[in-house]
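Okay, run16.csv is below, CSV, N, CA and C atoms:
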chain,number,residue,atom,x,y,z
R,1,GLN,N,26.8,36.0,-38.1
R,1,GLN,CA,27.2,35.9,-39.5
R,1,GLN,C,26.0,35.9,-40.5
R,2,VAL,N,26.0,36.8,-41.4
R,2,VAL,CA,24.9,36.8,-42.3
R,2,VAL,C,25.1,35.8,-43.4
R,3,GLN,N,24.0,35.0,-43.7
R,3,GLN,CA,24.1,34.0,-44.7
R,3,GLN,C,22.8,34.0,-45.5
R,4,LEU,N,23.0,33.9,-46.8
R,4,LEU,CA,21.9,33.6,-47.8
R,4,LEU,C,22.2,32.2,-48.4
R,5,VAL,N,21.2,31.3,-48.3
R,5,VAL,CA,21.4,30.0,-48.8
R,5,VAL,C,20.3,29.7,-49.7
R,6,GLU,N,20.7,29.4,-51.0
R,6,GLU,CA,19.7,29.0,-52.0
R,6,GLU,C,19.5,27.5,-52.0
R,7,SER,N,18.3,27.1,-52.4
R,7,SER,CA,18.0,25.7,-52.6
R,7,SER,C,16.9,25.6,-53.7
R,8,GLY,N,16.7,24.3,-54.2
R,8,GLY,CA,15.7,24.1,-55.2
R,8,GLY,C,16.1,23.9,-56.6
R,9,GLY,N,17.4,24.1,-56.9
R,9,GLY,CA,17.9,23.9,-58.2
R,9,GLY,C,17.9,22.4,-58.6
R,10,GLY,N,18.1,22.2,-59.9
R,10,GLY,CA,18.1,20.8,-60.3
R,10,GLY,C,18.0,20.7,-61.8
R,11,LEU,N,17.7,19.5,-62.3
R,11,LEU,CA,17.6,19.2,-63.7
R,11,LEU,C,16.1,19.1,-64.1
R,12,VAL,N,15.7,19.8,-65.1
R,12,VAL,CA,14.3,19.8,-65.5
R,12,VAL,C,14.2,19.8,-67.0
R,13,GLN,N,13.2,19.3,-67.6
R,13,GLN,CA,13.0,19.3,-69.1
R,13,GLN,C,12.4,20.6,-69.5
R,14,ALA,N,12.6,21.0,-70.7
R,14,ALA,CA,12.0,22.3,-71.2
R,14,ALA,C,10.5,22.2,-71.1
R,15,GLY,N,10.0,23.4,-70.6
R,15,GLY,CA,8.6,23.5,-70.4
R,15,GLY,C,8.2,23.2,-68.9
R,16,GLY,N,9.1,22.7,-68.2
R,16,GLY,CA,8.9,22.3,-66.8
R,16,GLY,C,9.0,23.5,-65.9
R,17,SER,N,8.9,23.2,-64.6
R,17,SER,CA,8.9,24.2,-63.5
R,17,SER,C,9.9,23.8,-62.4
R,18,LEU,N,10.4,24.8,-61.8
R,18,LEU,CA,11.2,24.7,-60.5
R,18,LEU,C,10.9,25.9,-59.6
R,19,ARG,N,11.1,25.6,-58.3
R,19,ARG,CA,10.9,26.7,-57.4
R,19,ARG,C,12.2,26.8,-56.6
R,20,LEU,N,12.8,28.0,-56.7
R,20,LEU,CA,14.0,28.2,-55.9
R,20,LEU,C,13.6,28.9,-54.6
R,21,SER,N,14.4,28.6,-53.6
R,21,SER,CA,14.2,29.3,-52.3
R,21,SER,C,15.5,29.9,-51.8
R,22,CYS,N,15.4,31.0,-51.1
R,22,CYS,CA,16.6,31.6,-50.4
R,22,CYS,C,16.2,31.8,-49.0
R,23,ALA,N,17.0,31.2,-48.1
R,23,ALA,CA,16.8,31.4,-46.7
R,23,ALA,C,17.9,32.3,-46.1
R,24,ALA,N,17.5,33.3,-45.4
R,24,ALA,CA,18.4,34.2,-44.8
R,24,ALA,C,18.6,33.9,-43.3
R,25,SER,N,19.8,34.1,-42.8
R,25,SER,CA,20.1,33.9,-41.4
R,25,SER,C,21.1,35.0,-41.0
R,26,GLY,N,21.2,35.2,-39.7
R,26,GLY,CA,22.1,36.1,-39.1
R,26,GLY,C,21.6,37.5,-38.9
R,27,ARG,N,20.5,37.9,-39.6
R,27,ARG,CA,19.8,39.1,-39.5
R,27,ARG,C,18.5,39.0,-40.3
R,28,THR,N,17.6,39.9,-39.9
R,28,THR,CA,16.4,40.0,-40.7
R,28,THR,C,16.5,40.8,-41.9
R,29,PHE,N,15.9,40.5,-43.0
R,29,PHE,CA,16.0,41.2,-44.2
R,29,PHE,C,14.6,41.9,-44.5
R,30,SER,N,13.8,42.1,-43.6
R,30,SER,CA,12.4,42.6,-43.8
R,30,SER,C,12.5,44.0,-44.3
R,31,ASN,N,13.6,44.7,-44.1
R,31,ASN,CA,13.7,46.1,-44.5
R,31,ASN,C,14.6,46.3,-45.8
R,32,ASN,N,14.9,45.1,-46.4
R,32,ASN,CA,15.9,45.1,-47.5
R,32,ASN,C,15.2,44.6,-48.8
R,33,ALA,N,15.5,45.2,-49.9
R,33,ALA,CA,15.1,44.7,-51.1
R,33,ALA,C,16.0,43.5,-51.4
R,34,MET,N,15.5,42.5,-52.1
R,34,MET,CA,16.2,41.3,-52.5
R,34,MET,C,16.0,41.0,-53.9
R,35,GLY,N,16.9,40.1,-54.5
R,35,GLY,CA,16.8,39.8,-55.9
R,35,GLY,C,17.4,38.5,-56.2
R,36,TRP,N,17.2,38.1,-57.4
R,36,TRP,CA,17.8,36.9,-58.0
R,36,TRP,C,18.6,37.3,-59.3
R,37,PHE,N,19.7,36.7,-59.3
R,37,PHE,CA,20.6,36.9,-60.5
R,37,PHE,C,21.0,35.5,-61.0
R,38,ARG,N,21.5,35.4,-62.2
R,38,ARG,CA,21.9,34.1,-62.7
R,38,ARG,C,23.2,34.3,-63.6
R,39,GLN,N,23.9,33.2,-63.7
R,39,GLN,CA,25.2,33.3,-64.4
R,39,GLN,C,25.3,32.0,-65.2
R,40,ALA,N,25.3,32.0,-66.5
R,40,ALA,CA,25.6,30.8,-67.3
R,40,ALA,C,27.1,30.7,-67.5
R,41,PRO,N,27.6,29.5,-67.8
R,41,PRO,CA,29.0,29.3,-68.1
R,41,PRO,C,29.5,30.3,-69.2
R,42,GLY,N,30.6,31.0,-68.9
R,42,GLY,CA,31.2,31.9,-69.9
R,42,GLY,C,30.5,33.2,-70.1
R,43,LYS,N,29.4,33.4,-69.3
R,43,LYS,CA,28.7,34.7,-69.4
R,43,LYS,C,28.7,35.5,-68.1
R,44,GLU,N,28.4,36.8,-68.2
R,44,GLU,CA,28.4,37.6,-67.0
R,44,GLU,C,27.1,37.3,-66.2
R,45,ARG,N,27.2,37.7,-65.0
R,45,ARG,CA,26.0,37.5,-64.1
R,45,ARG,C,24.9,38.5,-64.6
R,46,GLU,N,23.7,38.0,-64.7
R,46,GLU,CA,22.6,38.9,-65.2
R,46,GLU,C,21.4,38.9,-64.2
R,47,PHE,N,20.8,40.0,-64.2
R,47,PHE,CA,19.6,40.2,-63.3
R,47,PHE,C,18.4,39.3,-63.8
R,48,VAL,N,17.7,38.8,-62.8
R,48,VAL,CA,16.5,38.0,-63.1
R,48,VAL,C,15.3,38.7,-62.6
R,49,ALA,N,15.2,39.0,-61.3
R,49,ALA,CA,14.0,39.5,-60.7
R,49,ALA,C,14.4,40.2,-59.4
R,50,ALA,N,13.6,41.1,-58.9
R,50,ALA,CA,13.9,41.8,-57.6
R,50,ALA,C,12.5,42.1,-57.0
R,51,ILE,N,12.6,42.2,-55.6
R,51,ILE,CA,11.4,42.4,-54.9
R,51,ILE,C,11.7,43.4,-53.8
R,52,SER,N,10.8,44.4,-53.5
R,52,SER,CA,11.0,45.4,-52.5
R,52,SER,C,10.9,44.8,-51.1
R,53,ALA,N,11.3,45.6,-50.1
R,53,ALA,CA,11.3,45.1,-48.8
R,53,ALA,C,10.0,44.6,-48.3
R,54,SER,N,8.9,45.3,-48.7
R,54,SER,CA,7.6,44.9,-48.2
R,54,SER,C,7.0,43.8,-49.1
R,55,GLY,N,7.6,43.6,-50.3
R,55,GLY,CA,7.0,42.6,-51.2
R,55,GLY,C,6.0,43.3,-52.1
R,56,GLY,N,5.7,44.5,-51.9
R,56,GLY,CA,4.7,45.2,-52.7
R,56,GLY,C,5.1,45.6,-54.1
R,57,ALA,N,6.4,45.6,-54.4
R,57,ALA,CA,6.8,45.9,-55.7
R,57,ALA,C,7.8,44.9,-56.2
R,58,THR,N,7.7,44.5,-57.5
R,58,THR,CA,8.6,43.5,-58.1
R,58,THR,C,9.0,44.0,-59.4
R,59,TYR,N,10.1,43.5,-59.9
R,59,TYR,CA,10.7,43.9,-61.2
R,59,TYR,C,11.4,42.7,-61.8
R,60,TYR,N,11.2,42.5,-63.1
R,60,TYR,CA,11.7,41.3,-63.8
R,60,TYR,C,12.5,41.7,-65.0
R,61,ALA,N,13.4,40.8,-65.4
R,61,ALA,CA,14.1,41.0,-66.6
R,61,ALA,C,13.1,40.6,-67.7
R,62,ASP,N,13.2,41.2,-68.9
R,62,ASP,CA,12.3,40.9,-70.0
R,62,ASP,C,12.3,39.4,-70.3
R,63,SER,N,13.5,38.8,-70.2
R,63,SER,CA,13.6,37.4,-70.6
R,63,SER,C,12.8,36.4,-69.8
R,64,VAL,N,12.4,36.9,-68.6
R,64,VAL,CA,11.7,35.9,-67.7
R,64,VAL,C,10.3,36.5,-67.3
R,65,LYS,N,10.0,37.7,-67.8
R,65,LYS,CA,8.7,38.3,-67.4
R,65,LYS,C,7.5,37.4,-68.0
R,66,GLY,N,6.6,37.1,-67.1
R,66,GLY,CA,5.4,36.3,-67.5
R,66,GLY,C,5.7,34.8,-67.2
R,67,ARG,N,6.9,34.4,-67.0
R,67,ARG,CA,7.2,33.0,-66.7
R,67,ARG,C,7.7,32.8,-65.2
R,68,PHE,N,8.4,33.8,-64.7
R,68,PHE,CA,9.0,33.7,-63.3
R,68,PHE,C,8.2,34.6,-62.4
R,69,ILE,N,8.1,34.1,-61.1
R,69,ILE,CA,7.4,34.9,-60.1
R,69,ILE,C,8.3,35.0,-58.9
R,70,ILE,N,8.6,36.2,-58.4
R,70,ILE,CA,9.4,36.4,-57.2
R,70,ILE,C,8.5,36.7,-56.1
R,71,SER,N,8.8,36.1,-54.9
R,71,SER,CA,8.0,36.4,-53.7
R,71,SER,C,8.8,36.3,-52.5
R,72,ARG,N,8.3,36.8,-51.4
R,72,ARG,CA,9.1,36.7,-50.1
R,72,ARG,C,8.1,36.6,-49.0
R,73,ASP,N,8.7,36.0,-47.9
R,73,ASP,CA,7.9,35.8,-46.6
R,73,ASP,C,8.8,36.4,-45.5
R,74,ASN,N,8.5,37.7,-45.2
R,74,ASN,CA,9.4,38.3,-44.2
R,74,ASN,C,9.3,37.7,-42.8
R,75,ALA,N,8.2,37.1,-42.5
R,75,ALA,CA,8.1,36.4,-41.2
R,75,ALA,C,9.0,35.2,-41.1
R,76,LYS,N,9.3,34.6,-42.3
R,76,LYS,CA,10.2,33.4,-42.3
R,76,LYS,C,11.6,33.8,-42.8
R,77,ASN,N,11.8,35.1,-43.2
R,77,ASN,CA,13.1,35.5,-43.7
R,77,ASN,C,13.5,34.8,-44.9
R,78,THR,N,12.6,34.5,-45.8
R,78,THR,CA,12.8,33.8,-47.0
R,78,THR,C,12.3,34.5,-48.2
R,79,MET,N,12.9,34.1,-49.4
R,79,MET,CA,12.5,34.6,-50.7
R,79,MET,C,12.4,33.4,-51.6
R,80,SER,N,11.5,33.5,-52.6
R,80,SER,CA,11.4,32.4,-53.5
R,80,SER,C,11.3,32.9,-55.0
R,81,LEU,N,11.6,32.0,-55.9
R,81,LEU,CA,11.5,32.3,-57.3
R,81,LEU,C,10.8,31.1,-58.0
R,82,GLN,N,9.6,31.3,-58.3
R,82,GLN,CA,8.8,30.2,-59.1
R,82,GLN,C,9.1,30.4,-60.5
R,83,MET,N,9.7,29.3,-61.1
R,83,MET,CA,10.1,29.4,-62.5
R,83,MET,C,9.3,28.4,-63.3
R,84,ASN,N,8.5,29.0,-64.3
R,84,ASN,CA,7.6,28.2,-65.1
R,84,ASN,C,8.1,28.2,-66.6
R,85,SER,N,7.6,27.3,-67.4
R,85,SER,CA,7.9,27.3,-68.8
R,85,SER,C,9.4,27.5,-69.0
R,86,LEU,N,10.2,26.7,-68.3
R,86,LEU,CA,11.6,26.8,-68.4
R,86,LEU,C,12.1,26.4,-69.8
R,87,GLN,N,13.2,27.1,-70.2
R,87,GLN,CA,13.8,26.8,-71.5
R,87,GLN,C,15.3,26.6,-71.3
R,88,PRO,N,15.9,25.9,-72.3
R,88,PRO,CA,17.4,25.6,-72.1
R,88,PRO,C,18.2,26.9,-71.8
R,89,GLU,N,17.8,28.0,-72.4
R,89,GLU,CA,18.5,29.3,-72.1
R,89,GLU,C,18.4,29.8,-70.7
R,90,ASP,N,17.6,29.1,-69.9
R,90,ASP,CA,17.5,29.5,-68.5
R,90,ASP,C,18.5,28.7,-67.7
R,91,THR,N,19.2,27.8,-68.3
R,91,THR,CA,20.3,27.1,-67.6
R,91,THR,C,21.4,28.0,-67.1
R,92,ALA,N,21.6,27.9,-65.8
R,92,ALA,CA,22.6,28.8,-65.1
R,92,ALA,C,22.7,28.5,-63.7
R,93,ALA,N,23.6,29.1,-63.0
R,93,ALA,CA,23.7,29.1,-61.6
R,93,ALA,C,22.8,30.3,-61.1
R,94,TYR,N,21.9,30.1,-60.2
R,94,TYR,CA,21.0,31.2,-59.7
R,94,TYR,C,21.5,31.6,-58.3
R,95,TYR,N,21.6,32.9,-58.2
R,95,TYR,CA,22.1,33.5,-56.9
R,95,TYR,C,21.0,34.4,-56.3
R,96,CYS,N,20.9,34.3,-55.0
R,96,CYS,CA,20.0,35.1,-54.2
R,96,CYS,C,20.9,36.3,-53.7
R,97,ALA,N,20.3,37.5,-53.6
R,97,ALA,CA,21.1,38.7,-53.1
R,97,ALA,C,20.2,39.6,-52.4
R,98,ALA,N,20.8,40.4,-51.5
R,98,ALA,CA,20.0,41.3,-50.7
R,98,ALA,C,20.8,42.7,-50.6
R,99,ARG,N,20.0,43.7,-50.5
R,99,ARG,CA,20.6,45.1,-50.5
R,99,ARG,C,20.5,45.6,-49.1
R,100,TRP,N,21.2,46.7,-48.9
R,100,TRP,CA,21.1,47.4,-47.6
R,100,TRP,C,19.9,48.2,-47.4
R,101,TYR,N,19.2,48.5,-48.5
R,101,TYR,CA,18.0,49.3,-48.5
R,101,TYR,C,16.8,48.6,-49.1
R,102,GLY,N,15.6,49.3,-49.0
R,102,GLY,CA,14.4,48.6,-49.4
R,102,GLY,C,13.9,48.8,-50.8
R,103,SER,N,14.4,49.8,-51.5
R,103,SER,CA,13.8,50.2,-52.8
R,103,SER,C,14.4,49.3,-53.9
R,104,LEU,N,13.8,49.5,-55.1
R,104,LEU,CA,14.2,48.8,-56.3
R,104,LEU,C,15.0,49.7,-57.2
R,105,VAL,N,15.4,50.8,-56.8
R,105,VAL,CA,16.2,51.7,-57.7
R,105,VAL,C,17.4,51.0,-58.1
R,106,ALA,N,17.7,51.0,-59.4
R,106,ALA,CA,18.9,50.3,-60.0
R,106,ALA,C,18.9,48.8,-59.6
R,107,ALA,N,17.8,48.2,-59.5
R,107,ALA,CA,17.7,46.8,-59.0
R,107,ALA,C,18.4,45.8,-59.9
R,108,THR,N,18.7,46.2,-61.2
R,108,THR,CA,19.3,45.3,-62.1
R,108,THR,C,20.8,45.2,-62.0
R,109,VAL,N,21.4,46.1,-61.2
R,109,VAL,CA,22.8,46.2,-61.1
R,109,VAL,C,23.4,45.4,-59.9
R,110,PRO,N,24.2,44.4,-60.2
R,110,PRO,CA,24.7,43.5,-59.2
R,110,PRO,C,25.5,44.2,-58.1
R,111,ASN,N,26.2,45.3,-58.4
R,111,ASN,CA,27.0,46.0,-57.4
R,111,ASN,C,26.2,46.7,-56.4
R,112,THR,N,24.9,46.8,-56.6
R,112,THR,CA,24.0,47.5,-55.6
R,112,THR,C,23.5,46.5,-54.5
R,113,TYR,N,23.9,45.3,-54.6
R,113,TYR,CA,23.5,44.2,-53.6
R,113,TYR,C,24.7,44.0,-52.8
R,114,HIS,N,24.5,43.7,-51.5
R,114,HIS,CA,25.6,43.7,-50.5
R,114,HIS,C,25.7,42.3,-49.9
R,115,TYR,N,24.8,41.5,-50.1
R,115,TYR,CA,24.9,40.1,-49.6
R,115,TYR,C,24.5,39.1,-50.7
R,116,TRP,N,25.3,38.1,-50.8
R,116,TRP,CA,25.1,37.1,-51.8
R,116,TRP,C,25.1,35.7,-51.3
R,117,GLY,N,24.3,34.8,-51.9
R,117,GLY,CA,24.4,33.4,-51.6
R,117,GLY,C,25.4,32.7,-52.5
R,118,GLN,N,25.6,31.4,-52.3
R,118,GLN,CA,26.6,30.7,-53.0
R,118,GLN,C,26.0,30.2,-54.3
R,119,GLY,N,24.7,30.2,-54.5
R,119,GLY,CA,24.2,29.8,-55.8
R,119,GLY,C,23.6,28.4,-55.8
R,120,THR,N,22.6,28.2,-56.7
R,120,THR,CA,22.1,26.8,-56.9
R,120,THR,C,21.9,26.7,-58.4
R,121,HIS,N,22.3,25.5,-58.9
R,121,HIS,CA,22.3,25.3,-60.3
R,121,HIS,C,21.0,24.8,-60.9
R,122,VAL,N,20.6,25.4,-62.0
R,122,VAL,CA,19.4,25.0,-62.7
R,122,VAL,C,19.9,24.5,-64.1
R,123,THR,N,19.5,23.3,-64.5
R,123,THR,CA,19.8,22.8,-65.9
R,123,THR,C,18.5,22.5,-66.5
R,124,VAL,N,18.2,23.0,-67.7
R,124,VAL,CA,17.0,22.8,-68.4
R,124,VAL,C,17.4,22.0,-69.7
R,125,SER,N,16.9,20.8,-69.9
R,125,SER,CA,17.3,20.0,-71.0
R,125,SER,C,16.2,20.2,-72.1
R,126,SER,N,16.7,20.1,-73.4
R,126,SER,CA,15.7,20.3,-74.5
R,126,SER,C,15.1,19.0,-74.9

Spit out the file's structure as structure tokens when you get a sec.
Amino acid sequence: QVQLVESGGGLVQAGGSLRLSCAASGRTFSNNAMGWFRQAPGKEREFVAAISASGGATYYADSVKGRFIISRDNAKNTMSLQMNSLQPEDTAAYYCAARWYGSLVAATVPNTYHYWGQGTHVTVSS
């Protein structure tokens, strides 16, 4: 059974940092692009960042560019999101996702991802 499990969420003050992790099990994702999405209460799920299968290419939403860093360790079947300079508008449930293929084409579209985690909550206080 394929599972993606997020961890690392929590409460942080504005300006602080958190590191989210996504652990994959049930199969290897070394040939699959992966990404992070988030969903705030009452809002649609939105793209945050994506990384290609090799880790050589990354893509970020404008709202997090320069503050968040996505990375992966294919040997450990894990992906991470380092979040710096957090702001209250970053408050959301954060989801890890994986695609069937390795490229970042249309990486911002949730429907192009085929595996999803259950989410981890991030709350940023002002």

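Going from atom N of Thr91 in chain R to atom C of Ser30 in chain R covers 29.7 Å.
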
Next item on the list: Write down as JSON, numbers by chain the residues of range 61-108 of chain R whose backbone DSSP state falls under strand (DSSP E or B).
Entry: {"R": [68, 69, 70, 71, 72, 73, 78, 79, 80, 81, 82, 83, 92, 93, 94, 95, 96, 97, 98]}

Item checked: Of the listed residues R:Leu86, R:Leu104, R:Ala93, R:Val109, that which approaches Thr58 in chain R most closely, counting only N, CA and C atoms ->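 Checking each candidate against Thr58 in chain R, we get R:Leu104 as the closest.
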
Margin query: Ranking R:Tyr59, R:Tyr95, R:Tyr113, R:Phe68 by minimum distance to Cys22 in chain R and counting only N, CA and C atoms, which one comes first?
Written below: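 Checking each candidate against Cys22 in chain R, we get R:Tyr95 as the closest.
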
Notebook entry, point to check: When distances are computed from all atoms listed in the file, which of R:Gln82, R:Gln1, R:Lys65, R:Gly10 shows the smallest separation from Gly26 in chain R?
Noted result: R:Gln1

Residue neighbourhood range 13-19 of chain R, 6 Å, only N, CA and C atoms, exclusion window fewer than 5 positions, as a PDB file with N, CA and C atoms, in the frame of the given file:
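Just written: around-v7.pdb:
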ATOM      1  N   SER R   7      18.300  27.100 -52.400  1.00  0.00           N
ATOM      2  CA  SER R   7      18.000  25.700 -52.600  1.00  0.00           C
ATOM      3  C   SER R   7      16.900  25.600 -53.700  1.00  0.00           C
ATOM      4  N   GLY R   8      16.700  24.300 -54.200  1.00  0.00           N
ATOM      5  CA  GLY R   8      15.700  24.100 -55.200  1.00  0.00           C
ATOM      6  C   GLY R   8      16.100  23.900 -56.600  1.00  0.00           C
ATOM      7  N   LEU R  81      11.600  32.000 -55.900  1.00  0.00           N
ATOM      8  CA  LEU R  81      11.500  32.300 -57.300  1.00  0.00           C
ATOM      9  C   LEU R  81      10.800  31.100 -58.000  1.00  0.00           C
ATOM     10  N   GLN R  82       9.600  31.300 -58.300  1.00  0.00           N
ATOM     11  CA  GLN R  82       8.800  30.200 -59.100  1.00  0.00           C
ATOM     12  C   GLN R  82       9.100  30.400 -60.500  1.00  0.00           C
ATOM     13  N   MET R  83       9.700  29.300 -61.100  1.00  0.00           N
ATOM     14  CA  MET R  83      10.100  29.400 -62.500  1.00  0.00           C
ATOM     15  C   MET R  83       9.300  28.400 -63.300  1.00  0.00           C
ATOM     16  N   ASN R  84       8.500  29.000 -64.300  1.00  0.00           N
ATOM     17  CA  ASN R  84       7.600  28.200 -65.100  1.00  0.00           C
ATOM     18  C   ASN R  84       8.100  28.200 -66.600  1.00  0.00           C
ATOM     19  N   SER R  85       7.600  27.300 -67.400  1.00  0.00           N
ATOM     20  CA  SER R  85       7.900  27.300 -68.800  1.00  0.00           C
ATOM     21  C   SER R  85       9.400  27.500 -69.000  1.00  0.00           C
ATOM     22  N   LEU R  86      10.200  26.700 -68.300  1.00  0.00           N
ATOM     23  CA  LEU R  86      11.600  26.800 -68.400  1.00  0.00           C
ATOM     24  C   LEU R  86      12.100  26.400 -69.800  1.00  0.00           C
ATOM     25  N   GLN R  87      13.200  27.100 -70.200  1.00  0.00           N
ATOM     26  CA  GLN R  87      13.800  26.800 -71.500  1.00  0.00           C
ATOM     27  C   GLN R  87      15.300  26.600 -71.300  1.00  0.00           C
ATOM     28  N   PRO R  88      15.900  25.900 -72.300  1.00  0.00           N
ATOM     29  CA  PRO R  88      17.400  25.600 -72.100  1.00  0.00           C
ATOM     30  C   PRO R  88      18.200  26.900 -71.800  1.00  0.00           C
ATOM     31  N   VAL R 124      18.200  23.000 -67.700  1.00  0.00           N
ATOM     32  CA  VAL R 124      17.000  22.800 -68.400  1.00  0.00           C
ATOM     33  C   VAL R 124      17.400  22.000 -69.700  1.00  0.00           C
ATOM     34  N   SER R 125      16.900  20.800 -69.900  1.00  0.00           N
ATOM     35  CA  SER R 125      17.300  20.000 -71.000  1.00  0.00           C
ATOM     36  C   SER R 125      16.200  20.200 -72.100  1.00  0.00           C
ATOM     37  N   SER R 126      16.700  20.100 -73.400  1.00  0.00           N
ATOM     38  CA  SER R 126      15.700  20.300 -74.500  1.00  0.00           C
ATOM     39  C   SER R 126      15.100  19.000 -74.900  1.00  0.00           C
TER      40      SER R 126
END

Next item on the list: Point out the residue among R:Ala33, R:Gln39, R:Arg45, R:Gln3 with the least atom-to-atom distance to Trp100 in chain R, counting all atoms listed in the file.
Entry: R:Ala33

Item checked: Shell around Thr108 in chain R at 9 Å using only C-alpha atoms, local window under 5 positions removed, as JSON, numbers by chain -> {"R": [35, 37, 46, 47, 48, 49, 50, 59, 60, 61]}

Write a file of the just-selected residues containing N, CA and C atoms, as a CSV table (one decimal), in the frame of the given file.
chain,number,residue,atom,x,y,z
R,35,GLY,N,16.9,40.1,-54.5
R,35,GLY,CA,16.8,39.8,-55.9
R,35,GLY,C,17.4,38.5,-56.2
R,37,PHE,N,19.7,36.7,-59.3
R,37,PHE,CA,20.6,36.9,-60.5
R,37,PHE,C,21.0,35.5,-61.0
R,46,GLU,N,23.7,38.0,-64.7
R,46,GLU,CA,22.6,38.9,-65.2
R,46,GLU,C,21.4,38.9,-64.2
R,47,PHE,N,20.8,40.0,-64.2
R,47,PHE,CA,19.6,40.2,-63.3
R,47,PHE,C,18.4,39.3,-63.8
R,48,VAL,N,17.7,38.8,-62.8
R,48,VAL,CA,16.5,38.0,-63.1
R,48,VAL,C,15.3,38.7,-62.6
R,49,ALA,N,15.2,39.0,-61.3
R,49,ALA,CA,14.0,39.5,-60.7
R,49,ALA,C,14.4,40.2,-59.4
R,50,ALA,N,13.6,41.1,-58.9
R,50,ALA,CA,13.9,41.8,-57.6
R,50,ALA,C,12.5,42.1,-57.0
R,59,TYR,N,10.1,43.5,-59.9
R,59,TYR,CA,10.7,43.9,-61.2
R,59,TYR,C,11.4,42.7,-61.8
R,60,TYR,N,11.2,42.5,-63.1
R,60,TYR,CA,11.7,41.3,-63.8
R,60,TYR,C,12.5,41.7,-65.0
R,61,ALA,N,13.4,40.8,-65.4
R,61,ALA,CA,14.1,41.0,-66.6
R,61,ALA,C,13.1,40.6,-67.7

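Taking only C-alpha atoms into account, Val2 in chain R lies nearest to R:Ser25 out of the set R:Gln118, R:Ser25, R:Ser52, R:Ser63.
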
Checklist line | Selection near range 75-79 of chain R, 9 Å with only C-alpha atoms, sequence-local residues under 4 positions removed, as a ChimeraX atom specification | finding: /R:20-25,27-30,34-35,51,70-71,96
